[in-house]
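So this block is query.cif, mmCIF, C-alpha atoms:
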data_entry
#
loop_
_atom_site.label_atom_id
_atom_site.label_comp_id
_atom_site.auth_asym_id
_atom_site.auth_seq_id
_atom_site.Cartn_x
_atom_site.Cartn_y
_atom_site.Cartn_z
CA MET T 1 98.79 39.74 77.52
CA ASN T 2 97.95 41.31 80.86
CA ALA T 3 94.67 41.93 82.68
CA LEU T 4 94.20 45.35 81.06
CA ASP T 5 94.56 43.92 77.54
CA PHE T 6 92.03 41.24 78.49
CA PHE T 7 89.37 43.74 79.61
CA GLU T 8 90.00 46.03 76.64
CA ALA T 9 89.61 43.13 74.21
CA ARG T 10 86.47 41.88 75.95
CA LEU T 11 84.87 45.32 75.92
CA GLN T 12 85.76 45.78 72.27
CA ALA T 13 84.36 42.36 71.35
CA THR T 14 81.15 42.33 73.39
CA VAL T 15 78.17 44.44 74.42
CA SER T 16 75.88 43.74 77.38
CA PRO T 17 72.07 43.53 77.08
CA MET T 18 71.64 46.82 79.00
CA ASP T 19 74.19 48.66 76.89
CA TYR T 20 72.77 47.35 73.63
CA LEU T 21 69.23 48.36 74.59
CA ASN T 22 70.42 51.90 75.36
CA MET T 23 72.60 52.21 72.27
CA LYS T 24 69.75 50.97 70.09
CA LYS T 25 67.34 53.55 71.57
CA MET T 26 69.79 56.38 70.87
CA ASN T 27 70.69 55.20 67.34
CA PRO T 28 67.94 52.88 66.09
CA ASP T 29 69.43 52.56 62.59
CA LYS T 30 73.06 52.06 63.52
CA TYR T 31 72.88 48.36 64.40
CA PHE T 32 72.07 45.12 62.60
CA LEU T 33 71.20 42.42 65.11
CA ILE T 34 71.60 38.78 64.06
CA ASP T 35 70.24 35.65 65.73
CA VAL T 36 72.83 33.07 64.63
CA ARG T 37 71.45 30.04 66.47
CA ASN T 38 71.36 26.72 64.63
CA GLY T 39 69.02 23.83 65.31
CA PRO T 40 65.29 23.20 64.83
CA GLU T 41 63.27 26.37 64.28
CA HIS T 42 60.56 25.56 66.81
CA VAL T 43 63.00 25.64 69.75
CA ARG T 44 64.26 29.05 68.73
CA ASN T 45 60.99 30.77 67.82
CA ILE T 46 61.44 33.40 70.55
CA ILE T 47 63.94 35.92 69.23
CA ILE T 48 65.17 39.31 70.38
CA GLN T 49 62.87 42.00 69.00
CA GLY T 50 64.22 43.31 65.73
CA ALA T 51 66.71 40.47 65.22
CA ASN T 52 67.48 39.14 61.75
CA ILE T 53 67.54 35.34 61.64
CA LEU T 54 70.70 34.07 59.97
CA PRO T 55 71.76 30.71 61.41
CA GLU T 56 75.52 30.22 61.63
CA GLN T 57 75.32 27.24 59.28
CA GLU T 58 73.81 29.39 56.51
CA ILE T 59 75.78 32.57 57.00
CA GLN T 60 78.52 31.95 54.45
CA ASN T 61 75.86 31.74 51.73
CA ARG T 62 73.85 34.70 52.96
CA LEU T 63 76.56 37.30 53.49
CA GLN T 64 74.87 39.66 51.02
CA GLU T 65 72.00 40.07 53.55
CA ILE T 66 74.35 41.68 56.06
CA PRO T 67 74.83 45.42 55.56
CA LYS T 68 78.43 46.64 55.46
CA ASP T 69 77.53 50.09 56.80
CA LYS T 70 76.01 49.00 60.13
CA GLU T 71 77.49 47.70 63.33
CA ILE T 72 76.73 43.99 63.53
CA ILE T 73 75.54 42.52 66.85
CA VAL T 74 75.42 38.71 67.03
CA TYR T 75 73.91 36.45 69.66
CA CYS T 76 73.27 32.78 70.35
CA TRP T 77 71.70 30.89 73.30
CA ASP T 78 73.60 31.76 76.43
CA VAL T 79 76.96 32.75 77.90
CA TRP T 80 78.38 29.36 77.05
CA CYS T 81 77.50 28.96 73.36
CA ASN T 82 80.28 29.59 70.86
CA THR T 83 78.10 30.02 67.79
CA ALA T 84 78.03 33.82 68.01
CA ALA T 85 81.81 33.90 68.53
CA LYS T 86 82.28 31.82 65.37
CA VAL T 87 80.13 34.21 63.33
CA ALA T 88 81.83 37.24 64.89
CA LYS T 89 85.22 35.83 63.84
CA LEU T 90 84.01 35.12 60.30
CA LEU T 91 82.53 38.61 59.87
CA LEU T 92 85.47 40.44 61.46
CA GLU T 93 87.76 38.62 59.01
CA ARG T 94 85.61 40.02 56.22
CA GLY T 95 85.88 43.60 57.45
CA TYR T 96 82.59 43.99 59.31
CA ILE T 97 82.38 45.77 62.65
CA VAL T 98 81.00 43.12 65.03
CA LYS T 99 80.19 42.69 68.69
CA GLU T 100 78.72 39.73 70.54
CA LEU T 101 75.72 40.33 72.76
CA THR T 102 76.82 38.87 76.09
CA GLY T 103 74.67 36.14 77.57
CA GLY T 104 72.74 35.58 74.35
CA ILE T 105 68.97 35.35 74.40
CA ALA T 106 69.04 33.78 77.91
CA ALA T 107 70.38 36.95 79.53
CA TRP T 108 68.09 39.12 77.40
CA ARG T 109 65.02 37.21 78.57
CA GLU T 110 66.23 37.21 82.19
CA MET T 111 66.22 41.02 81.93
CA ASN T 112 62.67 40.92 80.54
CA PHE T 113 63.83 42.87 77.50
CA PRO T 114 61.55 42.84 74.40
CA THR T 115 61.33 39.68 72.28
CA SER T 116 59.23 38.46 69.35
CA ASP T 117 57.64 35.10 68.71
CA THR T 118 58.32 34.09 65.10
CA ALA T 119 55.81 31.23 65.31
CA GLN T 120 53.03 33.70 66.13
CA GLN T 121 54.15 36.02 63.35
CA GLU T 122 53.95 33.16 60.88
CA ALA T 123 50.59 32.02 62.18
CA PHE T 124 49.35 35.57 61.78
CA SER T 125 50.65 35.99 58.24
CA ILE T 126 48.91 32.75 57.26
CA ASP T 127 45.62 33.83 58.88
CA CYS T 128 45.59 37.26 57.30
CA GLY T 129 46.67 35.94 53.94
CA CYS T 130 49.41 38.53 53.49
CA MET H 131 97.30 34.93 70.99
CA ASN H 132 97.00 31.23 71.70
CA ALA H 133 94.90 29.24 74.18
CA LEU H 134 97.56 29.45 76.89
CA ASP H 135 97.71 33.25 76.68
CA PHE H 136 93.94 33.32 76.89
CA PHE H 137 93.78 31.29 80.10
CA GLU H 138 96.68 33.20 81.66
CA ALA H 139 94.99 36.52 80.94
CA ARG H 140 91.64 35.30 82.24
CA LEU H 141 93.16 34.00 85.46
CA GLN H 142 95.08 37.24 85.94
CA ALA H 143 91.97 39.35 85.30
CA THR H 144 89.38 37.39 87.29
CA VAL H 145 88.77 35.59 90.56
CA SER H 146 86.00 33.05 91.21
CA PRO H 147 83.55 33.34 94.15
CA MET H 148 85.14 30.32 95.90
CA ASP H 149 88.67 31.64 95.48
CA TYR H 150 87.74 35.13 96.65
CA LEU H 151 86.00 33.78 99.75
CA ASN H 152 89.11 31.76 100.66
CA MET H 153 91.56 34.57 99.90
CA LYS H 154 89.49 36.98 101.98
CA LYS H 155 89.46 34.60 104.95
CA MET H 156 93.24 34.25 104.84
CA ASN H 157 93.94 37.97 104.32
CA PRO H 158 90.88 39.94 105.46
CA ASP H 159 92.56 43.33 104.98
CA LYS H 160 94.20 42.72 101.64
CA TYR H 161 91.13 43.29 99.45
CA PHE H 162 88.77 46.17 98.68
CA LEU H 163 85.55 44.83 97.18
CA ILE H 164 83.45 47.18 95.04
CA ASP H 165 79.84 46.76 93.90
CA VAL H 166 79.88 48.81 90.68
CA ARG H 167 76.30 48.22 89.56
CA ASN H 168 74.35 51.16 88.18
CA GLY H 169 70.58 51.53 88.18
CA PRO H 170 67.93 52.16 90.85
CA GLU H 171 69.13 51.43 94.38
CA HIS H 172 66.13 49.34 95.40
CA VAL H 173 66.89 46.64 92.81
CA ARG H 174 70.44 46.31 94.03
CA ASN H 175 69.91 46.45 97.78
CA ILE H 176 71.36 42.96 98.28
CA ILE H 177 75.13 43.29 98.11
CA ILE H 178 78.05 40.98 98.80
CA GLN H 179 78.96 41.21 102.47
CA GLY H 180 81.68 43.76 102.98
CA ALA H 181 81.30 45.37 99.55
CA ASN H 182 81.78 49.09 99.04
CA ILE H 183 79.07 50.62 96.85
CA LEU H 184 80.59 52.72 94.08
CA PRO H 185 78.39 52.67 90.96
CA GLU H 186 80.33 52.72 87.69
CA GLN H 187 78.68 56.01 86.71
CA GLU H 188 80.08 57.73 89.82
CA ILE H 189 83.50 56.14 89.98
CA GLN H 190 85.48 58.79 88.10
CA ASN H 191 84.42 61.33 90.75
CA ARG H 192 84.98 59.04 93.71
CA LEU H 193 88.42 57.61 92.94
CA GLN H 194 89.77 59.00 96.22
CA GLU H 195 87.57 56.46 98.07
CA ILE H 196 89.51 53.57 96.54
CA PRO H 197 92.68 52.63 98.43
CA LYS H 198 95.84 52.34 96.34
CA ASP H 199 97.43 49.80 98.69
CA LYS H 200 94.76 47.09 98.43
CA GLU H 201 93.83 44.63 95.73
CA ILE H 202 90.58 45.82 94.16
CA ILE H 203 87.84 43.27 93.40
CA VAL H 204 84.94 44.52 91.28
CA TYR H 205 81.62 42.91 90.50
CA CYS H 206 78.33 43.62 88.75
CA TRP H 207 75.15 41.56 88.14
CA ASP H 208 76.10 38.37 86.38
CA VAL H 209 78.50 36.72 83.96
CA TRP H 210 77.15 38.81 81.12
CA CYS H 211 77.34 42.35 82.49
CA ASN H 212 80.25 44.49 81.30
CA THR H 213 80.06 47.13 84.03
CA ALA H 214 82.73 45.50 86.19
CA ALA H 215 85.00 45.06 83.16
CA LYS H 216 84.65 48.80 82.40
CA VAL H 217 85.63 49.75 85.94
CA ALA H 218 88.47 47.21 85.96
CA LYS H 219 89.85 48.77 82.77
CA LEU H 220 89.57 52.30 84.20
CA LEU H 221 91.31 51.37 87.45
CA LEU H 222 94.03 49.26 85.80
CA GLU H 223 94.82 52.24 83.57
CA ARG H 224 95.28 54.30 86.76
CA GLY H 225 97.71 51.80 88.28
CA TYR H 226 95.42 49.87 90.63
CA ILE H 227 95.65 46.09 90.97
CA VAL H 228 92.21 44.85 89.95
CA LYS H 229 90.35 41.60 89.42
CA GLU H 230 86.77 40.97 88.40
CA LEU H 231 84.71 38.61 90.55
CA THR H 232 83.39 36.09 88.01
CA GLY H 233 79.64 35.70 87.76
CA GLY H 234 78.93 38.85 89.76
CA ILE H 235 76.40 38.80 92.55
CA ALA H 236 74.31 36.15 90.73
CA ALA H 237 77.02 33.49 91.10
CA TRP H 238 77.75 34.60 94.67
CA ARG H 239 74.12 34.16 95.67
CA GLU H 240 73.86 30.84 93.83
CA MET H 241 76.71 29.66 96.08
CA ASN H 242 74.82 30.90 99.15
CA PHE H 243 77.82 33.02 100.12
CA PRO H 244 77.23 35.86 102.63
CA THR H 245 75.38 38.99 101.52
CA SER H 246 74.01 42.13 103.19
CA ASP H 247 70.73 43.93 102.68
CA THR H 248 71.40 47.68 102.45
CA ALA H 249 67.68 48.47 102.70
CA GLN H 250 67.50 46.72 106.09
CA GLN H 251 70.64 48.48 107.24
CA GLU H 252 69.11 51.81 106.36
CA ALA H 253 65.79 50.93 107.93
CA PHE H 254 67.66 49.96 111.05
CA SER H 255 69.73 53.14 111.17
CA ILE H 256 66.51 55.16 110.86
CA ASP H 257 64.78 53.16 113.60
CA CYS H 258 67.62 53.38 116.05
CA GLY H 259 68.25 57.03 115.31
CA CYS H 260 71.98 56.59 114.78
CA MET A 261 94.72 42.72 71.03
CA ASN A 262 91.62 43.44 68.98
CA ALA A 263 88.15 41.86 68.86
CA LEU A 264 89.20 39.31 66.22
CA ASP A 265 92.15 38.10 68.33
CA PHE A 266 89.77 37.80 71.28
CA PHE A 267 87.29 35.58 69.44
CA GLU A 268 90.05 33.48 67.87
CA ALA A 269 91.64 32.87 71.26
CA ARG A 270 88.31 32.04 72.88
CA LEU A 271 87.39 29.58 70.13
CA GLN A 272 90.82 27.97 70.36
CA ALA A 273 90.59 27.69 74.16
CA THR A 274 87.00 26.53 74.58
CA VAL A 275 84.38 24.15 73.20
CA SER A 276 80.63 24.44 73.75
CA PRO A 277 78.47 21.56 75.09
CA MET A 278 76.78 21.11 71.68
CA ASP A 279 80.06 21.07 69.78
CA TYR A 280 81.69 18.66 72.21
CA LEU A 281 78.77 16.25 72.02
CA ASN A 282 78.97 16.23 68.22
CA MET A 283 82.77 15.95 68.10
CA LYS A 284 82.66 13.07 70.57
CA LYS A 285 80.06 11.21 68.48
CA MET A 286 82.19 11.53 65.37
CA ASN A 287 85.49 10.63 67.08
CA PRO A 288 84.70 8.77 70.32
CA ASP A 289 88.37 7.99 71.05
CA LYS A 290 89.88 11.36 70.26
CA TYR A 291 89.00 13.10 73.53
CA PHE A 292 89.83 12.69 77.21
CA LEU A 293 87.27 14.50 79.34
CA ILE A 294 88.27 15.56 82.86
CA ASP A 295 86.04 16.68 85.73
CA VAL A 296 88.47 18.91 87.66
CA ARG A 297 86.10 20.09 90.41
CA ASN A 298 87.42 20.23 93.96
CA GLY A 299 85.33 19.98 97.11
CA PRO A 300 83.39 17.21 98.88
CA GLU A 301 82.63 14.25 96.63
CA HIS A 302 78.94 14.02 97.53
CA VAL A 303 78.17 17.45 96.04
CA ARG A 304 79.82 16.52 92.76
CA ASN A 305 78.53 12.96 92.34
CA ILE A 306 76.73 13.85 89.09
CA ILE A 307 79.38 13.97 86.37
CA ILE A 308 79.33 14.26 82.59
CA GLN A 309 79.02 10.80 81.08
CA GLY A 310 82.46 9.42 80.30
CA ALA A 311 84.35 12.00 82.37
CA ASN A 312 87.51 11.09 84.25
CA ILE A 313 87.55 12.50 87.79
CA LEU A 314 90.81 14.32 88.50
CA PRO A 315 90.26 17.17 90.97
CA GLU A 316 92.42 20.22 90.30
CA GLN A 317 94.07 19.85 93.72
CA GLU A 318 95.33 16.36 92.82
CA ILE A 319 96.25 16.89 89.20
CA GLN A 320 99.94 17.67 89.65
CA ASN A 321 100.42 14.25 91.26
CA ARG A 322 98.26 12.37 88.77
CA LEU A 323 99.58 13.68 85.47
CA GLN A 324 100.51 10.16 84.38
CA GLU A 325 96.77 9.36 84.18
CA ILE A 326 96.29 11.91 81.40
CA PRO A 327 97.07 10.57 77.92
CA LYS A 328 99.41 12.69 75.80
CA ASP A 329 97.88 11.51 72.52
CA LYS A 330 94.32 12.69 73.13
CA GLU A 331 92.70 16.10 73.12
CA ILE A 332 91.99 17.03 76.72
CA ILE A 333 88.63 18.62 77.60
CA VAL A 334 88.32 20.06 81.12
CA TYR A 335 85.28 21.31 82.98
CA CYS A 336 84.26 22.60 86.40
CA TRP A 337 80.94 23.85 87.85
CA ASP A 338 79.69 26.71 85.74
CA VAL A 339 80.67 29.65 83.52
CA TRP A 340 82.13 31.47 86.49
CA CYS A 341 84.46 28.87 88.01
CA ASN A 342 88.16 29.23 87.26
CA THR A 343 89.21 25.70 88.23
CA ALA A 344 89.08 24.36 84.67
CA ALA A 345 91.03 27.40 83.41
CA LYS A 346 93.75 26.70 86.00
CA VAL A 347 94.06 23.08 84.90
CA ALA A 348 93.97 24.08 81.22
CA LYS A 349 96.86 26.49 81.84
CA LEU A 350 98.86 23.84 83.71
CA LEU A 351 98.35 21.20 81.01
CA LEU A 352 98.98 23.58 78.09
CA GLU A 353 102.28 24.54 79.73
CA ARG A 354 103.17 20.83 79.73
CA GLY A 355 102.43 20.41 76.03
CA TYR A 356 98.95 18.91 76.14
CA ILE A 357 96.24 19.99 73.71
CA VAL A 358 93.47 21.34 75.96
CA LYS A 359 90.08 23.01 75.68
CA GLU A 360 87.67 24.10 78.38
CA LEU A 361 84.06 22.96 78.11
CA THR A 362 82.11 26.21 78.34
CA GLY A 363 79.55 26.52 81.10
CA GLY A 364 80.87 23.46 82.95
CA ILE A 365 78.46 20.84 84.20
CA ALA A 366 75.73 23.47 84.78
CA ALA A 367 75.38 24.19 81.05
CA TRP A 368 75.65 20.47 80.23
CA ARG A 369 72.77 19.63 82.55
CA GLU A 370 70.71 22.57 81.32
CA MET A 371 70.98 21.00 77.85
CA ASN A 372 69.87 17.64 79.28
CA PHE A 373 73.01 16.02 77.89
CA PRO A 374 74.01 12.61 79.34
CA THR A 375 75.45 12.42 82.85
CA SER A 376 76.42 9.67 85.30
CA ASP A 377 75.83 9.40 89.02
CA THR A 378 79.04 8.20 90.67
CA ALA A 379 77.23 7.56 93.97
CA GLN A 380 74.85 5.11 92.24
CA GLN A 381 77.73 3.43 90.44
CA GLU A 382 79.48 2.89 93.75
CA ALA A 383 76.29 1.69 95.43
CA PHE A 384 75.77 -0.72 92.56
CA SER A 385 79.31 -2.10 92.63
CA ILE A 386 78.94 -2.73 96.38
CA ASP A 387 75.57 -4.43 95.92
CA CYS A 388 76.64 -6.68 93.08
CA GLY A 389 79.95 -7.50 94.68
CA CYS A 390 81.99 -6.77 91.58
#

Could you render the structure from this file as structure tokens?
Amino acid sequence: MNALDFFEARLQATVSPMDYLNMKKMNPDKYFLIDVRNGPEHVRNIIIQGANILPEQEIQNRLQEIPKDKEIIVYCWDVWCNTAAKVAKLLLERGYIVKELTGGIAAWREMNFPTSDTAQQEAFSIDCGC
Amino acid sequence: MNALDFFEARLQATVSPMDYLNMKKMNPDKYFLIDVRNGPEHVRNIIIQGANILPEQEIQNRLQEIPKDKEIIVYCWDVWCNTAAKVAKLLLERGYIVKELTGGIAAWREMNFPTSDTAQQEAFSIDCGC
Amino acid sequence: MNALDFFEARLQATVSPMDYLNMKKMNPDKYFLIDVRNGPEHVRNIIIQGANILPEQEIQNRLQEIPKDKEIIVYCWDVWCNTAAKVAKLLLERGYIVKELTGGIAAWREMNFPTSDTAQQEAFSIDCGC
């Protein structure tokens, strides 16, 4: 494998925060974004806006929640977590089209791109009774 | 592809800030460094010292500015941007020798390696009338 | 090479801080962790707990210190250093089983995972006379 193969594979396997934000604006319904982080919920209550929460440890049992007709974007904590890569591998083996969001939620937040607070959402849904 | 192929490809495709600084000192004329970041100029006025500014979106029309006889080093914002990888792919396909500077300008600045401020340069060239 | 090959290779070649911590707890004797950073000792006195210090520049002459029957984990400064990748390549070529710890010591410290201060250890061993 040479340098060109390396860049081609990386570009095929990943999407940057900027690129994903633009692609999403142009085709809002084309993508299915998944937050695959494991661990206690309270440390991962800030998620990327519009993300579906499917922790890597549960994904094998929740495959039916992932649409086959959308492009799947997965992310975890940062550049150095492998959780999103594990899920990407699993889904690619099952025929999904998948890309990893580079830098995970850390890069997304560094860019000040839109996020949601799931703790607040829950608090709100309890308050309003819905 | 096994782990060895992966590391070989990565080392062929990239150069770290420390390694580039050393290589540049030993062979100042061997390299042509390109800042390929897109976006508004004022947010990218700090560049790596000696970098040539050729945003990715303009590169197809400015290929003649890139010397064929030098080793091309490209960089963007951080570890997680794909802009430099896109340019590396495009130039490798056209026969250039190209490496990506790992970590982009973020890693370079974290190392306190030398940068230039293009805004100051411009201000200065206006002041002095040259 | 397609996206699946890319993720498979990356997962074969690397281990995340979280995964390494868990693997180490389950099999404390299975791994041999190496800090391969070069440079002045005083700037790299904080190491990952349990790491063996074998700078990349010395490794060719100190191969006999690396056990053949353990899984070798190498790390350097951050996501963007290539020093660990160089050592991984060298050891894989010699038949070792090797993975790079993603994010190096920067990611490890960001996670507040256990480290040691080699300067303090030295100070202590001088003080106590042992």

Can you tell me, as a compact mmCIF listing (two decimals) with C-alpha atoms, in the frame of the given file, what residues are no more than 10 Å from stretch 136-140 of chain H when counting only C-alpha atoms, ignoring any on the same chain fewer than 6 positions away?
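Heads up, here's the output in selection-v2.txt:
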# COMPACT_ATOMS: atom_id res chain seq x y z
CA MET T 1 98.79 39.74 77.52
CA ASN T 2 97.95 41.31 80.86
CA ALA T 3 94.67 41.93 82.68
CA LEU T 4 94.20 45.35 81.06
CA ASP T 5 94.56 43.92 77.54
CA PHE T 6 92.03 41.24 78.49
CA PHE T 7 89.37 43.74 79.61
CA LYS H 229 90.35 41.60 89.42
CA GLU H 230 86.77 40.97 88.40
CA ASP A 265 92.15 38.10 68.33
CA PHE A 266 89.77 37.80 71.28
CA GLU A 268 90.05 33.48 67.87
CA ALA A 269 91.64 32.87 71.26
CA ARG A 270 88.31 32.04 72.88
CA GLN A 272 90.82 27.97 70.36
CA ALA A 273 90.59 27.69 74.16
CA THR A 274 87.00 26.53 74.58
CA ASN A 342 88.16 29.23 87.26
CA ALA A 344 89.08 24.36 84.67
CA ALA A 345 91.03 27.40 83.41
CA LYS A 346 93.75 26.70 86.00
CA VAL A 347 94.06 23.08 84.90
CA ALA A 348 93.97 24.08 81.22
CA LYS A 349 96.86 26.49 81.84
CA LEU A 350 98.86 23.84 83.71
CA LEU A 352 98.98 23.58 78.09
CA GLU A 360 87.67 24.10 78.38

Could you jot down the atom CA of H:Pro185 to atom CA of H:Pro197 separation for me, Å, one decimal place?
16.1 Å

Please, can I see chain H fitted onto chain A by all in-order Cα atoms (least squares), as a short mmCIF file (atom, residue, chain, number, x, y, z; two decimals) with C-alpha atoms, in the frame of the given file?
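New file result.cif:
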data_model
loop_
_atom_site.label_atom_id
_atom_site.label_comp_id
_atom_site.auth_asym_id
_atom_site.auth_seq_id
_atom_site.Cartn_x
_atom_site.Cartn_y
_atom_site.Cartn_z
CA MET H 131 94.75 42.76 71.13
CA ASN H 132 91.67 43.49 69.07
CA ALA H 133 88.21 41.90 68.94
CA LEU H 134 89.26 39.38 66.30
CA ASP H 135 92.18 38.14 68.41
CA PHE H 136 89.82 37.83 71.34
CA PHE H 137 87.34 35.62 69.48
CA GLU H 138 90.10 33.52 67.92
CA ALA H 139 91.67 32.89 71.32
CA ARG H 140 88.32 32.07 72.90
CA LEU H 141 87.42 29.62 70.15
CA GLN H 142 90.84 28.00 70.38
CA ALA H 143 90.61 27.71 74.18
CA THR H 144 87.01 26.55 74.57
CA VAL H 145 84.40 24.19 73.19
CA SER H 146 80.63 24.48 73.73
CA PRO H 147 78.48 21.59 75.06
CA MET H 148 76.79 21.16 71.65
CA ASP H 149 80.07 21.13 69.76
CA TYR H 150 81.70 18.70 72.18
CA LEU H 151 78.76 16.30 71.98
CA ASN H 152 78.98 16.30 68.17
CA MET H 153 82.77 16.00 68.05
CA LYS H 154 82.65 13.12 70.52
CA LYS H 155 80.06 11.27 68.43
CA MET H 156 82.20 11.59 65.30
CA ASN H 157 85.49 10.68 67.02
CA PRO H 158 84.69 8.81 70.24
CA ASP H 159 88.34 8.01 70.99
CA LYS H 160 89.86 11.37 70.21
CA TYR H 161 88.98 13.11 73.49
CA PHE H 162 89.82 12.67 77.17
CA LEU H 163 87.25 14.49 79.30
CA ILE H 164 88.25 15.53 82.82
CA ASP H 165 86.01 16.65 85.69
CA VAL H 166 88.43 18.86 87.65
CA ARG H 167 86.08 20.03 90.39
CA ASN H 168 87.39 20.15 93.94
CA GLY H 169 85.30 19.92 97.10
CA PRO H 170 83.35 17.14 98.84
CA GLU H 171 82.58 14.18 96.59
CA HIS H 172 78.90 13.96 97.48
CA VAL H 173 78.13 17.39 96.00
CA ARG H 174 79.77 16.47 92.73
CA ASN H 175 78.48 12.94 92.27
CA ILE H 176 76.71 13.83 89.02
CA ILE H 177 79.35 13.96 86.31
CA ILE H 178 79.30 14.26 82.54
CA GLN H 179 79.01 10.80 81.03
CA GLY H 180 82.42 9.43 80.23
CA ALA H 181 84.32 11.99 82.32
CA ASN H 182 87.47 11.06 84.20
CA ILE H 183 87.51 12.45 87.75
CA LEU H 184 90.77 14.25 88.47
CA PRO H 185 90.23 17.10 90.95
CA GLU H 186 92.40 20.16 90.29
CA GLN H 187 94.04 19.78 93.71
CA GLU H 188 95.29 16.28 92.81
CA ILE H 189 96.23 16.82 89.19
CA GLN H 190 99.92 17.61 89.64
CA ASN H 191 100.37 14.17 91.24
CA ARG H 192 98.22 12.31 88.75
CA LEU H 193 99.54 13.65 85.44
CA GLN H 194 100.47 10.12 84.35
CA GLU H 195 96.73 9.31 84.14
CA ILE H 196 96.27 11.87 81.37
CA PRO H 197 97.03 10.56 77.87
CA LYS H 198 99.39 12.68 75.78
CA ASP H 199 97.87 11.50 72.49
CA LYS H 200 94.30 12.70 73.09
CA GLU H 201 92.69 16.11 73.09
CA ILE H 202 91.96 17.03 76.71
CA ILE H 203 88.61 18.63 77.58
CA VAL H 204 88.30 20.05 81.10
CA TYR H 205 85.27 21.30 82.97
CA CYS H 206 84.23 22.57 86.38
CA TRP H 207 80.91 23.84 87.84
CA ASP H 208 79.68 26.70 85.73
CA VAL H 209 80.66 29.62 83.53
CA TRP H 210 82.13 31.42 86.50
CA CYS H 211 84.44 28.82 88.02
CA ASN H 212 88.16 29.18 87.28
CA THR H 213 89.19 25.65 88.24
CA ALA H 214 89.07 24.34 84.68
CA ALA H 215 91.02 27.36 83.43
CA LYS H 216 93.73 26.64 86.03
CA VAL H 217 94.04 23.03 84.91
CA ALA H 218 93.96 24.04 81.23
CA LYS H 219 96.86 26.44 81.86
CA LEU H 220 98.85 23.77 83.73
CA LEU H 221 98.35 21.16 81.02
CA LEU H 222 98.98 23.55 78.11
CA GLU H 223 102.27 24.51 79.76
CA ARG H 224 103.16 20.79 79.77
CA GLY H 225 102.43 20.39 76.06
CA TYR H 226 98.93 18.89 76.14
CA ILE H 227 96.23 20.01 73.72
CA VAL H 228 93.46 21.34 75.95
CA LYS H 229 90.08 23.01 75.68
CA GLU H 230 87.67 24.10 78.37
CA LEU H 231 84.06 22.96 78.09
CA THR H 232 82.11 26.23 78.32
CA GLY H 233 79.56 26.52 81.09
CA GLY H 234 80.84 23.46 82.93
CA ILE H 235 78.44 20.83 84.17
CA ALA H 236 75.72 23.47 84.75
CA ALA H 237 75.37 24.20 81.02
CA TRP H 238 75.63 20.49 80.18
CA ARG H 239 72.76 19.65 82.50
CA GLU H 240 70.70 22.60 81.28
CA MET H 241 70.99 21.03 77.81
CA ASN H 242 69.84 17.68 79.21
CA PHE H 243 72.99 16.05 77.83
CA PRO H 244 73.98 12.64 79.28
CA THR H 245 75.42 12.44 82.79
CA SER H 246 76.38 9.67 85.23
CA ASP H 247 75.78 9.38 88.95
CA THR H 248 79.00 8.19 90.63
CA ALA H 249 77.18 7.57 93.92
CA GLN H 250 74.84 5.09 92.20
CA GLN H 251 77.76 3.44 90.46
CA GLU H 252 79.47 2.95 93.78
CA ALA H 253 76.32 1.75 95.47
CA PHE H 254 75.90 -0.72 92.66
CA SER H 255 79.48 -1.99 92.83
CA ILE H 256 79.02 -2.54 96.58
CA ASP H 257 75.71 -4.36 96.09
CA CYS H 258 76.96 -6.64 93.37
CA GLY H 259 80.22 -7.33 95.16
CA CYS H 260 82.38 -6.58 92.13
#

Kindly resolve the PyMOL selection byres ((chain H and resi 152-156) around 12) on the present coordinates and return the residues as a ChimeraX atom specification.
/H:145-151,157-163,179-181,200-203,243

Using C-alpha atoms, can you write the selected residues to a file as an mmCIF file, keeping the file's coordinate frame?
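And here is the file that came out, part37.cif:
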data_model
loop_
_atom_site.group_PDB
_atom_site.id
_atom_site.type_symbol
_atom_site.label_atom_id
_atom_site.label_comp_id
_atom_site.auth_asym_id
_atom_site.auth_seq_id
_atom_site.Cartn_x
_atom_site.Cartn_y
_atom_site.Cartn_z
ATOM 1 C CA VAL H 145 88.770 35.590 90.560
ATOM 2 C CA SER H 146 86.000 33.050 91.210
ATOM 3 C CA PRO H 147 83.550 33.340 94.150
ATOM 4 C CA MET H 148 85.140 30.320 95.900
ATOM 5 C CA ASP H 149 88.670 31.640 95.480
ATOM 6 C CA TYR H 150 87.740 35.130 96.650
ATOM 7 C CA LEU H 151 86.000 33.780 99.750
ATOM 8 C CA ASN H 157 93.940 37.970 104.320
ATOM 9 C CA PRO H 158 90.880 39.940 105.460
ATOM 10 C CA ASP H 159 92.560 43.330 104.980
ATOM 11 C CA LYS H 160 94.200 42.720 101.640
ATOM 12 C CA TYR H 161 91.130 43.290 99.450
ATOM 13 C CA PHE H 162 88.770 46.170 98.680
ATOM 14 C CA LEU H 163 85.550 44.830 97.180
ATOM 15 C CA GLN H 179 78.960 41.210 102.470
ATOM 16 C CA GLY H 180 81.680 43.760 102.980
ATOM 17 C CA ALA H 181 81.300 45.370 99.550
ATOM 18 C CA LYS H 200 94.760 47.090 98.430
ATOM 19 C CA GLU H 201 93.830 44.630 95.730
ATOM 20 C CA ILE H 202 90.580 45.820 94.160
ATOM 21 C CA ILE H 203 87.840 43.270 93.400
ATOM 22 C CA PHE H 243 77.820 33.020 100.120
#

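The space separating atom CA of A:Val339 from atom CA of H:Val209 comes to 7.4 Å.
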
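Atom to atom, atom CA of H:Leu184 and atom CA of H:Asp247 stand 15.8 Å apart.
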
Give me, as a list in words, all polymer residues having an atom no more than 9 Å from T:Gln57, counting only C-alpha atoms and skipping those fewer than 2 positions away in the same chain.
Val36, Arg37, Asn38, Leu54, Pro55, Ile59, Gln60 and Asn61 of chain T
